[in-house]
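**Student:** For reference, the file model.txt (compact mmCIF, C-alpha atoms and all ligand atoms) is included below:
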```txt
# COMPACT_ATOMS: atom_id res chain seq x y z
CA MET A 19 -32.67 54.83 45.86
CA GLN A 20 -30.95 57.80 47.53
CA GLN A 21 -29.91 57.35 51.18
CA SER A 22 -29.25 60.00 53.85
CA THR A 23 -25.60 60.57 54.87
CA GLN A 24 -26.17 58.87 58.24
CA GLU A 25 -27.38 55.59 56.84
CA LYS A 26 -24.94 55.56 53.94
CA PRO A 27 -21.82 53.39 54.27
CA THR A 28 -18.40 54.96 53.82
CA VAL A 29 -16.38 53.40 51.00
CA LEU A 30 -12.69 54.05 50.44
CA ILE A 31 -11.71 54.12 46.76
CA LEU A 32 -8.07 53.35 46.02
CA THR A 33 -7.20 54.40 42.47
CA THR A 34 -4.41 52.74 40.47
CA GLY A 35 -5.12 53.66 36.81
CA GLY A 36 -6.27 51.48 33.89
CA THR A 37 -8.88 52.08 31.21
CA ILE A 38 -11.37 53.18 33.85
CA ALA A 39 -9.05 56.18 34.25
CA GLY A 40 -8.26 56.24 30.52
CA GLN A 41 -8.65 59.00 27.99
CA ALA A 42 -9.51 58.33 24.37
CA GLN A 43 -7.20 59.78 21.70
CA ASP A 44 -10.38 60.54 19.74
CA ASP A 45 -13.79 58.90 19.45
CA LYS A 46 -13.10 57.12 16.14
CA SER A 47 -10.01 55.00 16.65
CA LEU A 48 -9.41 52.25 19.18
CA GLY A 49 -6.43 54.11 20.64
CA TYR A 50 -6.42 55.52 24.16
CA HIS A 51 -4.07 56.04 27.08
CA ALA A 52 -4.77 54.03 30.23
CA GLY A 53 -4.44 55.68 33.63
CA LYS A 54 -4.41 59.30 32.40
CA THR A 55 -7.13 60.63 34.70
CA SER A 56 -6.19 61.33 38.32
CA GLY A 57 -7.99 59.44 41.07
CA GLU A 58 -9.79 62.54 42.37
CA ALA A 59 -10.92 63.57 38.87
CA LEU A 60 -12.14 60.05 38.13
CA ILE A 61 -14.32 59.94 41.23
CA ALA A 62 -15.52 63.53 40.73
CA SER A 63 -16.66 62.54 37.22
CA VAL A 64 -19.23 60.13 38.72
CA PRO A 65 -21.40 62.28 41.04
CA ALA A 66 -23.96 59.44 41.37
CA LEU A 67 -21.49 57.58 43.62
CA LYS A 68 -22.62 59.83 46.45
CA ASP A 69 -26.14 58.41 46.22
CA HIS A 70 -24.78 55.08 47.40
CA ALA A 71 -21.97 55.86 49.83
CA ASN A 72 -19.86 58.53 51.45
CA ILE A 73 -16.70 58.36 49.38
CA GLU A 74 -13.07 58.74 50.43
CA VAL A 75 -10.36 58.60 47.77
CA GLU A 76 -6.70 57.68 47.95
CA ALA A 77 -4.52 57.67 44.82
CA VAL A 78 -2.10 54.75 44.92
CA SER A 79 -0.74 54.84 41.36
CA GLN A 80 -1.65 56.05 37.88
CA ILE A 81 -0.57 53.23 35.58
CA GLY A 82 -1.84 50.77 33.00
CA SER A 83 -2.03 47.49 34.88
CA GLN A 84 0.54 45.93 32.52
CA ASP A 85 2.95 47.98 34.65
CA MET A 86 1.63 46.71 37.98
CA SER A 87 4.57 46.06 40.30
CA ASP A 88 5.29 44.27 43.56
CA LYS A 89 5.76 47.67 45.18
CA VAL A 90 2.24 48.85 44.20
CA LEU A 91 0.80 45.51 45.39
CA LEU A 92 2.37 46.11 48.80
CA ASP A 93 1.16 49.74 48.85
CA LEU A 94 -2.38 48.50 48.19
CA ALA A 95 -2.14 45.86 50.92
CA TYR A 96 -0.91 48.49 53.37
CA SER A 97 -3.70 50.97 52.53
CA ILE A 98 -6.28 48.22 52.95
CA GLN A 99 -4.85 47.17 56.31
CA LYS A 100 -5.22 50.76 57.49
CA ALA A 101 -8.81 50.86 56.21
CA GLU A 102 -9.54 47.56 58.02
CA ALA A 103 -8.56 49.26 61.27
CA ASN A 104 -10.67 52.36 60.58
CA PRO A 105 -14.18 51.77 61.98
CA LYS A 106 -15.63 54.48 59.73
CA ILE A 107 -14.93 52.51 56.56
CA SER A 108 -17.31 49.72 55.50
CA GLY A 109 -15.61 48.57 52.33
CA ILE A 110 -12.84 49.26 49.85
CA VAL A 111 -12.97 49.65 46.06
CA ILE A 112 -9.83 49.50 43.93
CA THR A 113 -10.01 50.99 40.43
CA HIS A 114 -7.58 48.98 38.31
CA GLY A 115 -6.64 48.17 34.74
CA THR A 116 -8.19 44.94 33.59
CA ASP A 117 -5.07 43.29 32.14
CA THR A 118 -3.67 42.16 35.50
CA MET A 119 -6.70 42.75 37.69
CA GLU A 120 -7.01 39.05 38.49
CA GLU A 121 -3.42 38.98 39.77
CA THR A 122 -3.85 41.93 42.13
CA ALA A 123 -7.16 40.47 43.35
CA PHE A 124 -5.54 37.09 44.00
CA PHE A 125 -2.49 38.58 45.75
CA LEU A 126 -4.60 40.71 48.08
CA ASN A 127 -6.91 37.79 48.76
CA GLU A 128 -3.99 35.74 50.08
CA VAL A 129 -2.39 38.38 52.29
CA LEU A 130 -5.31 40.32 53.77
CA PRO A 131 -7.69 39.65 56.60
CA HIS A 132 -11.12 39.22 55.09
CA LYS A 133 -13.56 41.22 57.16
CA LYS A 134 -14.32 44.24 55.00
CA PRO A 135 -15.14 43.67 51.36
CA VAL A 136 -12.45 44.62 48.85
CA VAL A 137 -13.78 45.09 45.32
CA LEU A 138 -11.61 45.53 42.24
CA VAL A 139 -13.23 47.25 39.29
CA GLY A 140 -12.21 48.45 35.85
CA ALA A 141 -13.56 49.24 32.45
CA MET A 142 -13.25 47.78 28.99
CA ARG A 143 -13.98 51.09 27.25
CA PRO A 144 -12.51 54.45 28.25
CA ALA A 145 -14.68 57.43 29.16
CA GLY A 146 -15.68 59.26 25.99
CA TYR A 147 -16.40 56.10 23.97
CA ALA A 148 -19.95 55.26 23.03
CA SER A 149 -21.36 53.01 25.78
CA ALA A 150 -18.34 53.42 28.03
CA ASP A 151 -18.74 50.98 30.92
CA GLY A 152 -16.55 52.56 33.62
CA THR A 153 -19.24 54.67 35.30
CA ALA A 154 -21.71 51.82 35.68
CA ASN A 155 -19.00 49.42 36.85
CA LEU A 156 -17.73 51.91 39.43
CA ILE A 157 -21.21 52.54 40.84
CA ASP A 158 -21.77 48.77 41.02
CA ALA A 159 -18.46 48.26 42.80
CA VAL A 160 -19.31 50.91 45.41
CA LYS A 161 -22.72 49.31 45.95
CA VAL A 162 -21.10 45.91 46.54
CA ALA A 163 -18.34 47.29 48.81
CA GLY A 164 -20.94 49.14 50.89
CA SER A 165 -23.38 46.25 51.12
CA PRO A 166 -23.69 44.40 54.45
CA LEU A 167 -24.13 41.24 52.33
CA ALA A 168 -20.54 41.59 51.10
CA LYS A 169 -18.88 41.28 54.54
CA ASP A 170 -16.52 38.30 55.00
CA ARG A 171 -16.37 37.64 51.26
CA SER A 172 -12.70 38.45 50.82
CA VAL A 173 -11.51 40.08 47.62
CA MET A 174 -13.89 40.32 44.66
CA VAL A 175 -13.95 41.63 41.11
CA VAL A 176 -17.04 43.47 39.89
CA MET A 177 -17.36 43.89 36.12
CA ASN A 178 -20.36 44.01 33.79
CA ASP A 179 -23.03 43.50 36.52
CA THR A 180 -21.24 40.39 37.78
CA ILE A 181 -19.41 39.61 41.03
CA PHE A 182 -16.48 37.19 40.97
CA ALA A 183 -14.21 35.70 43.65
CA ALA A 184 -10.50 36.52 43.44
CA ARG A 185 -9.32 32.92 43.14
CA SER A 186 -11.45 31.93 40.17
CA VAL A 187 -11.81 35.13 38.13
CA GLN A 188 -9.96 35.47 34.82
CA LYS A 189 -9.88 37.93 31.98
CA MET A 190 -11.13 35.76 29.12
CA ASN A 191 -11.58 38.23 26.28
CA THR A 192 -9.28 41.01 25.09
CA THR A 193 -11.93 43.69 24.45
CA ASN A 194 -15.52 42.50 25.06
CA LEU A 195 -17.61 44.10 27.79
CA GLU A 196 -18.14 40.59 29.12
CA ALA A 197 -14.39 40.10 29.45
CA PHE A 198 -14.32 38.49 32.89
CA GLN A 199 -15.43 34.99 33.74
CA ALA A 200 -14.69 32.33 36.30
CA PRO A 201 -14.44 29.24 34.09
CA ASN A 202 -14.15 26.72 36.93
CA ALA A 203 -16.36 28.20 39.62
CA GLY A 204 -18.71 30.69 37.92
CA PRO A 205 -19.67 34.09 39.35
CA ILE A 206 -20.52 34.44 43.05
CA GLY A 207 -23.15 37.14 42.64
CA MET A 208 -24.72 39.88 40.58
CA VAL A 209 -25.47 43.55 40.94
CA ASN A 210 -28.06 45.67 39.17
CA ASN A 211 -29.85 48.99 39.70
CA GLU A 212 -31.73 47.74 42.73
CA HIS A 213 -29.87 44.83 44.26
CA VAL A 214 -26.64 43.21 45.27
CA ARG A 215 -27.19 39.45 45.31
CA PHE A 216 -24.88 36.58 46.19
CA TYR A 217 -25.40 32.99 45.08
CA ILE A 218 -23.30 31.45 47.87
CA PRO A 219 -22.95 32.16 51.60
CA ALA A 220 -20.01 34.21 52.96
CA GLN A 221 -17.12 32.26 54.44
CA PRO A 222 -15.74 34.23 57.42
CA LYS A 223 -12.02 33.76 58.03
CA ALA A 224 -10.23 34.56 61.26
CA GLN A 225 -7.07 35.84 59.58
CA ALA A 226 -5.14 36.21 56.34
CA ALA A 227 -3.77 33.02 54.82
CA PHE A 228 -0.24 34.45 54.62
CA ILE A 229 1.85 37.45 55.60
CA ALA A 230 2.59 39.77 52.67
CA PRO A 231 6.22 39.63 51.52
CA SER A 232 8.11 42.25 53.53
CA LYS A 233 9.75 43.89 50.53
CA ALA A 234 9.56 44.35 46.78
CA PRO A 235 10.55 42.83 44.45
CA PHE A 236 9.30 39.43 45.55
CA PRO A 237 11.43 36.28 45.00
CA ARG A 238 11.98 35.71 41.26
CA VAL A 239 9.54 33.22 39.73
CA ASP A 240 9.35 32.85 35.94
CA ILE A 241 6.50 31.54 33.78
CA ILE A 242 7.51 29.38 30.80
CA TYR A 243 4.94 28.72 28.07
CA SER A 244 4.81 25.25 26.51
CA HIS A 245 4.30 24.61 22.79
CA VAL A 246 5.05 22.27 19.88
CA GLN A 247 8.78 21.63 19.30
CA MET A 248 9.69 22.99 22.73
CA ASP A 249 13.29 22.77 23.92
CA GLY A 250 14.71 23.40 27.37
CA ASP A 251 16.56 26.66 26.59
CA LEU A 252 14.21 29.13 28.30
CA ILE A 253 14.04 26.91 31.38
CA GLU A 254 17.84 26.80 31.56
CA ASP A 255 17.95 30.60 31.10
CA ALA A 256 15.51 31.10 33.97
CA VAL A 257 17.68 28.98 36.26
CA GLN A 258 20.76 30.92 35.20
CA LYS A 259 19.03 34.23 35.87
CA GLY A 260 18.42 33.10 39.45
CA ALA A 261 14.77 32.04 39.38
CA LYS A 262 13.69 30.53 42.70
CA GLY A 263 10.68 29.00 41.00
CA ILE A 264 9.45 28.12 37.52
CA ILE A 265 5.79 27.92 36.59
CA LEU A 266 5.17 25.78 33.54
CA ALA A 267 2.23 27.04 31.47
CA GLY A 268 1.92 23.50 30.19
CA VAL A 269 -0.20 22.02 27.43
CA GLY A 270 -3.36 20.20 28.53
CA ASP A 271 -3.05 18.76 32.02
CA GLY A 272 0.25 20.61 32.64
CA ASN A 273 2.29 18.56 30.16
CA THR A 274 5.34 19.53 28.14
CA SER A 275 7.90 18.06 25.72
CA ALA A 276 10.52 15.51 26.78
CA ALA A 277 13.25 18.14 26.30
CA ALA A 278 11.48 20.71 28.48
CA LEU A 279 10.69 18.04 31.07
CA LYS A 280 14.37 17.14 31.27
CA ALA A 281 15.28 20.82 31.80
CA LEU A 282 12.64 21.07 34.54
CA GLN A 283 14.05 17.98 36.27
CA GLU A 284 17.52 19.55 36.19
CA ALA A 285 16.14 22.84 37.51
CA GLN A 286 14.46 21.01 40.41
CA GLN A 287 17.69 19.20 41.23
CA LYS A 288 19.35 22.62 41.54
CA GLY A 289 16.76 23.63 44.16
CA VAL A 290 14.33 25.52 41.90
CA ILE A 291 10.65 24.90 42.73
CA VAL A 292 8.80 23.62 39.65
CA VAL A 293 5.04 24.11 39.45
CA ARG A 294 3.12 22.53 36.59
CA SER A 295 0.21 24.78 35.57
CA THR A 296 -1.55 24.93 32.21
CA ARG A 297 -2.17 27.27 29.30
CA ILE A 298 -5.79 25.99 29.30
CA SER A 299 -8.25 28.38 30.98
CA SER A 300 -10.36 25.84 32.83
CA GLY A 301 -9.96 22.60 34.71
CA PHE A 302 -7.41 21.45 37.26
CA VAL A 303 -3.86 20.17 36.81
CA ASN A 304 -3.71 16.71 38.36
CA ARG A 305 -0.73 15.05 40.04
CA ASN A 306 1.04 11.99 38.67
CA VAL A 307 -0.98 11.50 35.48
CA GLU A 308 1.42 11.76 32.54
CA VAL A 309 4.26 13.21 34.63
CA ASN A 310 5.50 11.49 37.78
CA ASP A 311 5.36 14.44 40.18
CA ASP A 312 6.25 12.37 43.24
CA GLU A 313 9.46 11.12 41.68
CA ASN A 314 10.39 14.53 40.24
CA HIS A 315 9.43 16.57 43.33
CA PHE A 316 7.18 18.76 41.21
CA VAL A 317 4.15 20.71 42.41
CA VAL A 318 0.87 20.96 40.47
CA SER A 319 -1.11 24.20 40.39
CA GLU A 320 -4.56 22.63 40.86
CA ASP A 321 -7.06 25.27 39.61
CA LEU A 322 -4.62 28.20 39.54
CA ASN A 323 -3.58 29.61 36.19
CA PRO A 324 0.13 30.37 35.62
CA GLN A 325 -0.04 34.03 36.68
CA LYS A 326 -1.83 33.25 39.96
CA SER A 327 0.45 30.24 40.56
CA ARG A 328 3.41 32.57 40.22
CA LEU A 329 2.08 34.95 42.88
CA LEU A 330 1.17 32.14 45.25
CA LEU A 331 4.65 30.64 44.97
CA GLN A 332 6.23 34.05 45.59
CA ILE A 333 4.08 34.53 48.69
CA LEU A 334 4.90 31.02 49.96
CA LEU A 335 8.64 31.50 49.44
CA ALA A 336 8.46 34.85 51.24
CA ASN A 337 6.65 33.05 54.10
CA LYS A 338 9.47 30.45 54.25
CA ILE A 339 7.22 27.70 52.96
CA ASN A 340 9.78 26.24 50.62
CA THR A 341 9.73 22.46 50.20
CA PRO A 342 7.77 20.95 47.29
CA ALA A 343 5.60 18.96 49.72
CA GLN A 344 4.69 22.02 51.83
CA ILE A 345 4.09 24.09 48.72
CA GLN A 346 1.87 21.42 47.18
CA LYS A 347 -0.26 21.40 50.33
CA GLU A 348 -0.90 25.14 50.00
CA PHE A 349 -1.73 24.94 46.28
CA ALA A 350 -4.24 22.20 47.05
CA LYS A 351 -6.16 24.33 49.57
CA LEU A 352 -9.35 25.29 47.77
CA TYR A 353 -11.77 27.62 49.44
N1 LIG B 401 -9.32 47.53 29.81
C1 LIG B 401 -8.23 47.89 30.46
O1 LIG B 401 -8.24 48.29 31.60
C2 LIG B 401 -6.90 47.73 29.72
C3 LIG B 401 -6.01 48.95 29.87
C4 LIG B 401 -4.62 48.66 30.35
N2 LIG B 401 -3.90 47.81 29.46
C5 LIG B 401 -4.65 48.14 31.77
O2 LIG B 401 -4.76 46.99 32.05
O3 LIG B 401 -4.55 48.98 32.63
```
Please lay out the structure from this file as structure tokens.

**Tutor:**
Amino acid sequence: MQQSTQEKPTVLILTTGGTIAGQAQDDKSLGYHAGKTSGEALIASVPALKDHANIEVEAVSQIGSQDMSDKVLLDLAYSIQKAEANPKISGIVITHGTDTMEETAFFLNEVLPHKKPVVLVGAMRPAGYASADGTANLIDAVKVAGSPLAKDRSVMVVMNDTIFAARSVQKMNTTNLEAFQAPNAGPIGMVNNEHVRFYIPAQPKAQAAFIAPSKAPFPRVDIIYSHVQMDGDLIEDAVQKGAKGIILAGVGDGNTSAAALKALQEAQQKGVIVVRSTRISSGFVNRNVEVNDDENHFVVSEDLNPQKSRLLLQILLANKINTPAQIQKEFAKLY
């Protein structure tokens, strides 16, 4: 339903690139270039947005999200802080490539105050493809960001009619329209032509969990993937390259080979923070099951996948939270 300008919320759209701003090479092949369309042009191409909100646009970057950087993360956090202080703005939408959308969502969720809704949105198919999904997703995202029901819900991802929370959302399929899921927690709401609906109550928070790192790049934290016949070479390399932390993308419940475990123990003894996460997409990593975390001074990632564990550890180190015990406490805080 169309609303008059007075009763419409004002939504700020921060554009970063991705398929939602992509241009197909042609309509037959799978090839396309992410982030080709400028922010202004992208928003102008969806006139129906104005039926739902007064729109303001700010271009932050024009990249495929595989090139997302610490600098752009900080630029986004800064723009959102400004929007938080601007009484005119009800909510913020970030157009983003889907490859690392969950990481940006998680980062912002940890370092922002959570009054105004922040909604990340992307597309699985570029404009010009049959059944391109960007337009519908963008309209949905603006509806959620402008909805009074979305206040105090922190950072969300809206894709394919579904609303997810930043902590639990993951890209689970390379190309499907239903690419995003939250394997542990499930979606928190849905959006369709008529309604924005949430399945759980909002959880107001007085302030951000952490201060954003003051500069980019953030402290170096490497992710090492576990597999059959694994040795400790990559772990040793990471230590040599100056990693402050190592995230193990372990097998199963955050396990790894005896050789890799030995390299992780040595890394920890040199002062590197070791976090055991998992290459499995759902479930928690539990302390002291097959690995003695207490004895080794290791941290377990709980429900966080390796890429989110990496960001959380970087944020914690930048906030001078740097002993394994303190770090474990923060990883264990579910909300
Ligand atoms: N569907 C997409 O958005 C993928 C495009 C690109 N790789 C990105 O993440 O920006």

**Student:** So that I can check the surroundings of Pro222 (chain A), please list as a list in words every protein, DNA and RNA residue that reaches within 10 Å of it, counting only C-alpha atoms and ignoring chain neighbours fewer than 3 positions away.

**Tutor:**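 Result of the neighbour search: Pro131, His132, Lys133, Lys169, Asp170, Arg171, Ser172, Pro219 and Gln225 of chain A.
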
**Student:** Looking at all atoms listed in the file, which of A:Gly164, A:Pro324, A:Gly146, A:Gly115 is the one that sits closest to Met86 (chain A)?

**Tutor:**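 The shortest atom-to-atom distance to Met86 (chain A) comes from A:Gly115.
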
**Student:** Using all atoms listed in the file, what are the residues with an atom within 7 Å of ligand LIG 401 (chain B), set out as an mmCIF file with C-alpha atoms, keeping the file's coordinate frame?

**Tutor:**
```
data_model
loop_
_atom_site.group_PDB
_atom_site.id
_atom_site.type_symbol
_atom_site.label_atom_id
_atom_site.label_comp_id
_atom_site.auth_asym_id
_atom_site.auth_seq_id
_atom_site.Cartn_x
_atom_site.Cartn_y
_atom_site.Cartn_z
ATOM 1 C CA GLY A 35 -5.120 53.660 36.810
ATOM 2 C CA GLY A 36 -6.270 51.480 33.890
ATOM 3 C CA THR A 37 -8.880 52.080 31.210
ATOM 4 C CA ILE A 38 -11.370 53.180 33.850
ATOM 5 C CA ALA A 52 -4.770 54.030 30.230
ATOM 6 C CA GLY A 53 -4.440 55.680 33.630
ATOM 7 C CA ILE A 81 -0.570 53.230 35.580
ATOM 8 C CA GLY A 82 -1.840 50.770 33.000
ATOM 9 C CA SER A 83 -2.030 47.490 34.880
ATOM 10 C CA GLN A 84 0.540 45.930 32.520
ATOM 11 C CA HIS A 114 -7.580 48.980 38.310
ATOM 12 C CA GLY A 115 -6.640 48.170 34.740
ATOM 13 C CA THR A 116 -8.190 44.940 33.590
ATOM 14 C CA ASP A 117 -5.070 43.290 32.140
ATOM 15 C CA THR A 118 -3.670 42.160 35.500
ATOM 16 C CA GLY A 140 -12.210 48.450 35.850
ATOM 17 C CA ALA A 141 -13.560 49.240 32.450
ATOM 18 C CA MET A 142 -13.250 47.780 28.990
ATOM 19 C CA ARG A 143 -13.980 51.090 27.250
#
```

**Student:** How far is it from CA of Ile241 (chain A) to CA of Thr113 (chain A), in Å with one decimal?

**Tutor:** 26.4 Å

**Student:** If we count all atoms listed in the file and set the cut-off at 10 Å, which residues sit around Ala256 (chain A), ignoring sequence neighbours fewer than 4 positions away in its own chain? Please answer as a list in words.

**Tutor:**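 Selected residues are Arg238, Val239, Asp240, Ile241, Ile242, Asp251, Leu252, Gly260, Ala261, Lys262, Gly263, Ile264, Ala285 and Val290 of chain A.
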
**Student:** Between A:Ile73, A:Val257, A:Ile31, A:Ile157, single out the one closest to Ala281 (chain A), counting all atoms listed in the file.

**Tutor:**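 With all atoms listed in the file as the atom set, the closest residue is A:Val257.
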
**Student:** Point out the residue among A:His51, A:His70, A:Arg328, A:His315 with the least atom-to-atom distance to Ala159 (chain A), counting all atoms listed in the file.

**Tutor:**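 Of the candidates, the smallest distance to Ala159 (chain A) is held by A:His70.
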
**Student:** Rounded to one decimal in Å, what is the spacing between CA of Gly40 (chain A) and CA of Lys100 (chain A)?

**Tutor:**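 Straight-line distance from CA of Gly40 (chain A) to CA of Lys100 (chain A) works out to 27.7 Å.
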
**Student:** Take CA of Lys326 (chain A) and CA of Leu282 (chain A) and report the distance between them in Å, one decimal.

**Tutor:** 19.7 Å

**Student:** Would you kindly place N, CA and C atoms on region 203-220 of chain A and return the model as a compact mmCIF listing (two decimals), in the coordinates of the input?

**Tutor:**
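Here's the written file part_4.txt:
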```
# COMPACT_ATOMS: atom_id res chain seq x y z
N ALA A 203 -15.43 28.07 38.48
CA ALA A 203 -16.36 28.20 39.62
C ALA A 203 -17.62 29.00 39.29
N GLY A 204 -17.58 29.82 38.23
CA GLY A 204 -18.71 30.69 37.92
C GLY A 204 -18.71 31.91 38.81
N PRO A 205 -19.59 32.89 38.52
CA PRO A 205 -19.67 34.09 39.35
C PRO A 205 -20.22 33.77 40.73
N ILE A 206 -19.96 34.66 41.72
CA ILE A 206 -20.52 34.44 43.05
C ILE A 206 -21.73 35.33 43.32
N GLY A 207 -22.00 36.27 42.41
CA GLY A 207 -23.15 37.14 42.64
C GLY A 207 -23.40 38.07 41.48
N MET A 208 -24.42 38.90 41.62
CA MET A 208 -24.72 39.88 40.58
C MET A 208 -25.14 41.19 41.22
N VAL A 209 -25.05 42.25 40.44
CA VAL A 209 -25.47 43.55 40.94
C VAL A 209 -26.22 44.26 39.82
N ASN A 210 -27.34 44.86 40.16
CA ASN A 210 -28.06 45.67 39.17
C ASN A 210 -28.53 46.96 39.85
N ASN A 211 -29.39 47.71 39.17
CA ASN A 211 -29.85 48.99 39.70
C ASN A 211 -30.34 48.91 41.13
N GLU A 212 -31.05 47.85 41.44
CA GLU A 212 -31.73 47.74 42.73
C GLU A 212 -30.97 46.92 43.76
N HIS A 213 -30.31 45.86 43.31
CA HIS A 213 -29.87 44.83 44.26
C HIS A 213 -28.42 44.42 44.12
N VAL A 214 -27.86 44.00 45.26
CA VAL A 214 -26.64 43.21 45.27
C VAL A 214 -27.08 41.83 45.73
N ARG A 215 -26.76 40.81 44.93
CA ARG A 215 -27.19 39.45 45.31
C ARG A 215 -26.02 38.49 45.24
N PHE A 216 -25.92 37.61 46.22
CA PHE A 216 -24.88 36.58 46.19
C PHE A 216 -25.54 35.21 46.06
N TYR A 217 -24.85 34.34 45.31
CA TYR A 217 -25.40 32.99 45.08
C TYR A 217 -24.92 32.00 46.13
N ILE A 218 -23.85 32.38 46.87
CA ILE A 218 -23.30 31.45 47.87
C ILE A 218 -23.11 32.19 49.19
N PRO A 219 -23.13 31.47 50.32
CA PRO A 219 -22.95 32.16 51.60
C PRO A 219 -21.52 32.68 51.78
N ALA A 220 -21.35 33.70 52.64
CA ALA A 220 -20.01 34.21 52.96
C ALA A 220 -19.26 33.15 53.77
```
